[in-house]
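The data block below is structure-v3.csv; it holds CSV, C-alpha atoms.
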chain,number,residue,atom,x,y,z
A,1,MET,CA,25.1,35.5,26.0
A,2,ARG,CA,22.3,36.9,23.9
A,3,THR,CA,19.5,34.4,23.0
A,4,LEU,CA,18.3,34.6,19.4
A,5,PRO,CA,14.6,34.5,18.8
A,6,MET,CA,13.2,31.4,16.9
A,7,SER,CA,12.2,32.0,13.4
A,8,PRO,CA,8.5,31.4,12.4
A,9,LEU,CA,9.7,28.4,10.2
A,10,VAL,CA,11.4,26.7,13.2
A,11,VAL,CA,8.3,27.2,15.3
A,12,PHE,CA,6.2,25.7,12.5
A,13,LEU,CA,8.4,22.7,12.1
A,14,ALA,CA,8.4,22.0,15.9
A,15,LEU,CA,4.7,22.1,16.0
A,16,ALA,CA,4.2,20.0,12.8
A,17,VAL,CA,6.5,17.1,13.6
A,18,GLY,CA,4.5,14.0,14.8
A,19,CYS,CA,1.2,15.1,13.4
A,20,GLY,CA,-0.8,13.4,10.7
A,21,HIS,CA,-3.5,14.3,8.2
A,22,ASP,CA,-6.4,16.2,9.8
A,23,ASP,CA,-4.2,16.8,12.9
A,24,ILE,CA,-4.3,13.2,14.0
A,25,PRO,CA,-1.0,12.3,15.8
A,26,VAL,CA,0.8,9.3,14.3
A,27,ALA,CA,1.2,6.8,17.1
A,28,PRO,CA,4.7,5.4,17.5
A,29,ALA,CA,3.6,1.8,16.8
A,30,CYS,CA,1.9,2.8,13.6
A,31,GLY,CA,5.1,4.3,12.3
A,32,ASP,CA,7.2,1.3,13.3
A,33,PRO,CA,7.0,-1.6,10.7
A,34,LEU,CA,8.5,-4.0,13.2
A,35,GLN,CA,5.4,-3.5,15.4
A,36,VAL,CA,2.6,-2.9,12.9
A,37,SER,CA,2.6,-4.0,9.3
A,38,LEU,CA,0.5,-1.7,7.0
A,39,PRO,CA,-0.4,-1.6,3.3
A,40,ASN,CA,0.9,1.2,1.2
A,41,CYS,CA,-2.2,3.3,0.7
A,42,SER,CA,-0.5,5.4,-2.0
A,43,ALA,CA,0.7,2.5,-4.2
A,44,GLY,CA,-1.9,-0.3,-4.0
A,45,PRO,CA,-5.5,-1.2,-3.8
A,46,ASP,CA,-5.7,-1.1,0.0
A,47,LEU,CA,-6.4,2.4,1.1
A,48,PHE,CA,-5.9,1.7,4.9
A,49,SER,CA,-3.2,4.2,6.1
A,50,ASP,CA,-1.0,4.9,9.1
A,51,GLU,CA,-3.6,7.6,10.2
A,52,ALA,CA,-6.3,5.0,10.2
A,53,CYS,CA,-4.0,2.8,12.2
A,54,THR,CA,-3.8,5.5,14.9
A,55,VAL,CA,-7.6,5.6,15.1
A,56,LEU,CA,-7.9,1.8,15.2
A,57,ASP,CA,-5.2,1.4,17.8
A,58,ASP,CA,-7.0,3.9,20.1
A,59,ALA,CA,-10.3,2.2,19.6
A,60,ILE,CA,-8.9,-1.3,20.3
A,61,THR,CA,-7.2,-0.1,23.4
A,62,ASN,CA,-10.3,1.7,24.8
A,63,ARG,CA,-13.4,-0.1,23.6
A,64,ALA,CA,-12.8,-3.4,21.8
A,65,SER,CA,-15.6,-5.9,22.5
A,66,ALA,CA,-15.7,-9.7,22.1
A,67,GLN,CA,-18.9,-10.4,20.2
A,68,GLU,CA,-19.0,-13.4,17.9
A,69,PRO,CA,-21.8,-12.3,15.5
A,70,ARG,CA,-20.0,-8.9,14.9
A,71,ALA,CA,-16.5,-10.3,14.8
A,72,PRO,CA,-14.5,-11.7,11.9
A,73,SER,CA,-14.4,-15.5,11.4
A,74,GLY,CA,-11.0,-17.1,10.7
A,75,THR,CA,-10.8,-19.6,7.8
A,76,ALA,CA,-7.0,-20.2,7.5
A,77,PRO,CA,-5.2,-21.6,9.3
A,78,PRO,CA,-7.7,-24.0,10.9
A,79,GLN,CA,-7.6,-24.2,14.7
A,80,GLY,CA,-4.5,-26.1,15.9
A,81,GLN,CA,-2.9,-26.5,12.5
A,82,SER,CA,0.9,-26.7,12.1
A,83,ILE,CA,2.3,-24.3,9.5
A,84,PRO,CA,5.7,-24.9,7.8
A,85,ARG,CA,8.0,-22.0,8.5
A,86,ALA,CA,9.8,-22.3,5.2
A,87,THR,CA,7.2,-20.4,3.1
A,88,PRO,CA,4.9,-17.4,4.0
A,89,PHE,CA,1.4,-18.6,4.8
A,90,THR,CA,-1.7,-16.9,3.6
A,91,PHE,CA,-4.0,-16.0,6.5
A,92,ALA,CA,-7.7,-15.6,5.7
A,93,TRP,CA,-10.9,-14.6,7.4
A,94,THR,CA,-14.4,-13.5,6.6
A,95,ALA,CA,-16.3,-10.4,7.4
A,96,PRO,CA,-18.9,-10.4,10.3
A,97,VAL,CA,-22.3,-11.9,9.6
A,98,ALA,CA,-24.2,-9.3,11.6
A,99,SER,CA,-25.6,-6.3,9.8
A,100,ARG,CA,-23.2,-3.3,9.7
A,101,PRO,CA,-24.0,0.4,10.5
A,102,ARG,CA,-24.9,2.5,7.5
A,103,LEU,CA,-22.1,4.6,6.1
A,104,ARG,CA,-22.7,8.3,5.6
A,105,ALA,CA,-21.3,9.9,2.5
A,106,PRO,CA,-17.8,11.3,3.0
A,107,ARG,CA,-17.8,15.0,3.4
A,108,ALA,CA,-16.2,17.2,0.7
A,109,MET,CA,-12.7,18.4,1.1
A,110,THR,CA,-12.6,22.0,2.2
A,111,LEU,CA,-9.9,24.6,1.6
A,112,ALA,CA,-8.7,24.1,5.2
A,113,ASP,CA,-8.4,20.3,4.6
A,114,GLU,CA,-6.3,20.9,1.5
A,115,LEU,CA,-4.1,23.4,3.4
A,116,ARG,CA,-3.5,20.8,6.2
A,117,ARG,CA,-2.9,18.2,3.6
A,118,TRP,CA,0.1,20.0,2.0
A,119,THR,CA,1.5,21.7,5.1
A,120,THR,CA,1.5,18.8,7.5
A,121,PHE,CA,4.5,16.5,7.8
A,122,ILE,CA,3.6,12.8,7.7
A,123,PRO,CA,6.1,9.8,7.6
A,124,GLU,CA,7.0,8.5,4.1
A,125,ALA,CA,4.4,8.8,1.3
A,126,GLU,CA,1.2,8.7,3.3
A,127,ALA,CA,0.5,12.5,3.1
A,128,HIS,CA,-1.9,12.4,0.2
A,129,CYS,CA,-3.9,9.3,1.2
A,130,GLU,CA,-7.6,10.2,1.8
A,131,PRO,CA,-9.3,9.5,5.2
A,132,PHE,CA,-10.2,5.8,5.1
A,133,SER,CA,-13.8,4.6,4.9
A,134,GLY,CA,-14.9,1.0,5.0
A,135,ARG,CA,-14.2,-2.1,7.1
A,136,ALA,CA,-10.7,-2.5,8.6
A,137,TYR,CA,-9.1,-5.5,10.3
A,138,GLU,CA,-6.2,-6.0,12.7
A,139,LEU,CA,-4.4,-9.4,12.9
A,140,ARG,CA,-2.6,-9.6,16.3
A,141,PHE,CA,-0.1,-12.5,16.7
A,142,ARG,CA,0.9,-13.4,20.3
A,143,VAL,CA,3.3,-15.9,21.7
A,144,ALA,CA,3.2,-16.7,25.5
A,145,GLY,CA,1.1,-13.6,26.0
A,146,ALA,CA,3.5,-11.2,24.2
A,147,THR,CA,2.6,-9.5,20.9
A,148,VAL,CA,5.0,-10.6,18.1
A,149,LEU,CA,3.5,-8.6,15.2
A,150,ARG,CA,0.3,-6.8,14.2
A,151,ARG,CA,-1.1,-6.4,10.7
A,152,GLN,CA,-3.8,-3.8,9.8
A,153,GLN,CA,-5.6,-3.6,6.5
A,154,SER,CA,-9.0,-3.7,4.7
A,155,ALA,CA,-8.7,-7.0,2.7
A,156,THR,CA,-9.8,-10.3,4.2
A,157,SER,CA,-6.5,-12.2,3.5
A,158,TRP,CA,-2.9,-11.5,4.0
A,159,THR,CA,0.3,-13.1,2.8
A,160,PRO,CA,3.3,-11.7,4.8
A,161,ASP,CA,6.2,-10.5,2.8
A,162,ALA,CA,9.7,-11.8,3.7
A,163,ARG,CA,10.3,-9.2,6.4
A,164,ASP,CA,7.0,-9.8,8.2
A,165,TRP,CA,7.2,-13.6,7.8
A,166,GLY,CA,10.7,-13.4,9.3
A,167,ILE,CA,9.4,-11.6,12.4
A,168,LEU,CA,6.6,-14.2,12.9
A,169,VAL,CA,9.0,-17.1,12.5
A,170,ALA,CA,11.6,-15.6,14.8
A,171,GLY,CA,9.0,-14.9,17.5
A,172,GLY,CA,6.8,-18.0,17.1
A,173,GLY,CA,9.0,-20.7,15.5
A,174,GLY,CA,8.4,-24.0,17.3
A,175,ARG,CA,5.8,-22.6,19.7
A,176,THR,CA,2.0,-22.0,19.7
A,177,VAL,CA,0.9,-18.7,18.2
A,178,GLU,CA,-2.4,-17.1,19.1
A,179,LEU,CA,-4.0,-15.1,16.3
A,180,THR,CA,-6.8,-12.6,17.3
A,181,VAL,CA,-8.6,-10.7,14.5
A,182,TYR,CA,-10.3,-7.4,15.3
A,183,THR,CA,-12.6,-5.4,13.0
A,184,ALA,CA,-14.1,-1.9,12.9
A,185,LEU,CA,-16.1,0.1,10.4
A,186,PHE,CA,-14.6,3.4,9.4
A,187,ASN,CA,-16.4,6.4,8.0
A,188,ASN,CA,-14.2,9.3,6.7
A,189,GLY,CA,-11.3,8.3,9.0
A,190,GLN,CA,-13.3,7.7,12.2
A,191,ILE,CA,-14.9,4.8,13.9
A,192,GLY,CA,-18.5,5.7,15.0
A,193,VAL,CA,-20.5,4.5,18.0
A,194,GLY,CA,-21.5,0.9,17.5
A,195,ALA,CA,-19.0,0.3,14.7
A,196,GLY,CA,-16.4,-1.6,16.7
A,197,PRO,CA,-13.8,-2.8,17.2
A,198,PHE,CA,-15.2,-6.3,17.6
A,199,THR,CA,-13.3,-9.6,18.1
A,200,PRO,CA,-14.1,-13.3,18.6
A,201,MET,CA,-14.4,-14.7,22.1
A,202,ALA,CA,-11.3,-16.8,21.7
A,203,ALA,CA,-8.0,-16.6,19.7
A,204,ARG,CA,-7.1,-19.0,16.9
A,205,ARG,CA,-4.1,-21.1,17.8
A,206,PHE,CA,-1.6,-22.6,15.4
A,207,ALA,CA,2.1,-23.7,15.4
A,208,LEU,CA,5.0,-22.7,13.2
A,209,GLN,CA,7.1,-25.8,12.6
Could you render the structure from this file as structure tokens?
Amino acid sequence: MRTLPMSPLVVFLALAVGCGHDDIPVAPACGDPLQVSLPNCSAGPDLFSDEACTVLDDAITNRASAQEPRAPSGTAPPQGQSIPRATPFTFAWTAPVASRPRLRAPRAMTLADELRRWTTFIPEAEAHCEPFSGRAYELRFRVAGATVLRRQQSATSWTPDARDWGILVAGGGGRTVELTVYTALFNNGQIGVGAGPFTPMAARRFALQ
């Protein structure tokens, strides 16, 4: 049987699938809304994207540090509070009190950047979102040591939608939930040295009743 050569288009598609803007691979968790909840950077005020999620995931895994002055401080819910499961709760926290590294001005887009922007395949509508700059957060909800859901964004409060609240209620209803908030400072899509991620020394505990 004669083997037909692959066309250039087929080769291009094989290489392109699974890569994000600026050639950053999109981690499976960041593309799965049942694992990580993300804002829509193309249709809202929060510009945090799935590409930034990939960078933050890697940084949390490899170099997260528990440092109270450089970590977020939770304000809602209070420690040990019971939350009614009937209505989505608004989680809130404050930015770190320690001084933050100085951000460099984002570099100008080059012709090569524009070419990658329009020829790289990215899930859903995230392809045109610019590299994220600013402070980002991850809320990690755990029950009995297992992660139920993670939320990543740049705002300092979050009210889950019906789907995300349903995941939290299903995983934590009637039990103690531990909430850990991470933060890192992005500059043009990357987290520099000394910019995090940082997290408090202890998780905040609450119950879904």
Near-Thr90 of chain A list (9 Å; all atoms listed in the file; drop same-chain fewer than 6 positions) as a VMD selection string: chain A and resid 76 to 77 157 to 160
With C-alpha atoms retained, could you export that selection as a PDB file, in the frame of the given file?
ATOM      1  CA  ALA A  76      -7.000 -20.200   7.500  1.00  0.00           C
ATOM      2  CA  PRO A  77      -5.200 -21.600   9.300  1.00  0.00           C
ATOM      3  CA  SER A 157      -6.500 -12.200   3.500  1.00  0.00           C
ATOM      4  CA  TRP A 158      -2.900 -11.500   4.000  1.00  0.00           C
ATOM      5  CA  THR A 159       0.300 -13.100   2.800  1.00  0.00           C
ATOM      6  CA  PRO A 160       3.300 -11.700   4.800  1.00  0.00           C
TER       7      PRO A 160
END
Residues near segment 59-62 of chain A, cut-off 12 Å, only C-alpha atoms, skip fewer than 5 positions along chain, as number ranges by chain: A: 52-54, 136-140, 152, 180-186, 190-199
Keeping only C-alpha atoms, write those residues as a short mmCIF file (atom, residue, chain, number, x, y, z; two decimals), in the frame of the given file.
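Contents of out.cif, freshly written:
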data_model
loop_
_atom_site.label_atom_id
_atom_site.label_comp_id
_atom_site.auth_asym_id
_atom_site.auth_seq_id
_atom_site.Cartn_x
_atom_site.Cartn_y
_atom_site.Cartn_z
CA ALA A 52 -6.30 5.00 10.20
CA CYS A 53 -4.00 2.80 12.20
CA THR A 54 -3.80 5.50 14.90
CA ALA A 136 -10.70 -2.50 8.60
CA TYR A 137 -9.10 -5.50 10.30
CA GLU A 138 -6.20 -6.00 12.70
CA LEU A 139 -4.40 -9.40 12.90
CA ARG A 140 -2.60 -9.60 16.30
CA GLN A 152 -3.80 -3.80 9.80
CA THR A 180 -6.80 -12.60 17.30
CA VAL A 181 -8.60 -10.70 14.50
CA TYR A 182 -10.30 -7.40 15.30
CA THR A 183 -12.60 -5.40 13.00
CA ALA A 184 -14.10 -1.90 12.90
CA LEU A 185 -16.10 0.10 10.40
CA PHE A 186 -14.60 3.40 9.40
CA GLN A 190 -13.30 7.70 12.20
CA ILE A 191 -14.90 4.80 13.90
CA GLY A 192 -18.50 5.70 15.00
CA VAL A 193 -20.50 4.50 18.00
CA GLY A 194 -21.50 0.90 17.50
CA ALA A 195 -19.00 0.30 14.70
CA GLY A 196 -16.40 -1.60 16.70
CA PRO A 197 -13.80 -2.80 17.20
CA PHE A 198 -15.20 -6.30 17.60
CA THR A 199 -13.30 -9.60 18.10
#
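Atom pair atom CA of Ala162 of chain A / atom CA of Ser37 of chain A has a distance of 11.9 Å (rounded to one decimal).
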Could you list as a tab-separated table (two decimals) with C-alpha atoms, keeping the file's coordinate frame every residue that has an atom within 9 Å of (7.6, -4.4, 8.2), using the file's coordinates and counting only C-alpha atoms?
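Once everything was written out, this is point28.tsv:
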chain	number	residue	atom	x	y	z
A	32	ASP	CA	7.20	1.30	13.30
A	33	PRO	CA	7.00	-1.60	10.70
A	34	LEU	CA	8.50	-4.00	13.20
A	35	GLN	CA	5.40	-3.50	15.40
A	36	VAL	CA	2.60	-2.90	12.90
A	37	SER	CA	2.60	-4.00	9.30
A	38	LEU	CA	0.50	-1.70	7.00
A	161	ASP	CA	6.20	-10.50	2.80
A	162	ALA	CA	9.70	-11.80	3.70
A	163	ARG	CA	10.30	-9.20	6.40
A	164	ASP	CA	7.00	-9.80	8.20
A	167	ILE	CA	9.40	-11.60	12.40
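For the choices A:Thr147, A:Asn40, A:Ser73, A:Thr87, the atom-to-atom distance to Leu208 of chain A is smallest for A:Thr87 when using all atoms listed in the file.
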Shell around Trp165 of chain A at 10 Å using only C-alpha atoms, local window under 6 positions removed, as a VMD selection string: chain A and resid 85 to 89 149 159 171
Selected residue, from A:Glu130, A:Asp57, A:Glu178, A:Asp46, that lies nearest to Ala144 of chain A when counting only C-alpha atoms: A:Glu178
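Of the listed residues (A:Asn187, A:Gln209, A:Thr75, A:Thr94), A:Gln209 comes nearest to Leu168 of chain A; the distances count all atoms listed in the file.
The coordinates place atom CA of Arg205 of chain A at 19.9 Å from atom CA of Pro69 of chain A.
From atom CA of Arg204 of chain A back to atom CA of Ser65 of chain A, the distance works out to 16.6 Å.
In this comparison, which uses all atoms listed in the file, the residue of A:Ala92, A:Ala64, A:Ala155, A:Val97 approaching Phe48 of chain A most closely is A:Ala155.
Counting all atoms listed in the file and comparing A:Phe206, A:Met201, A:Thr156, A:Glu68, the residue that lies closest to Pro84 of chain A is A:Phe206.
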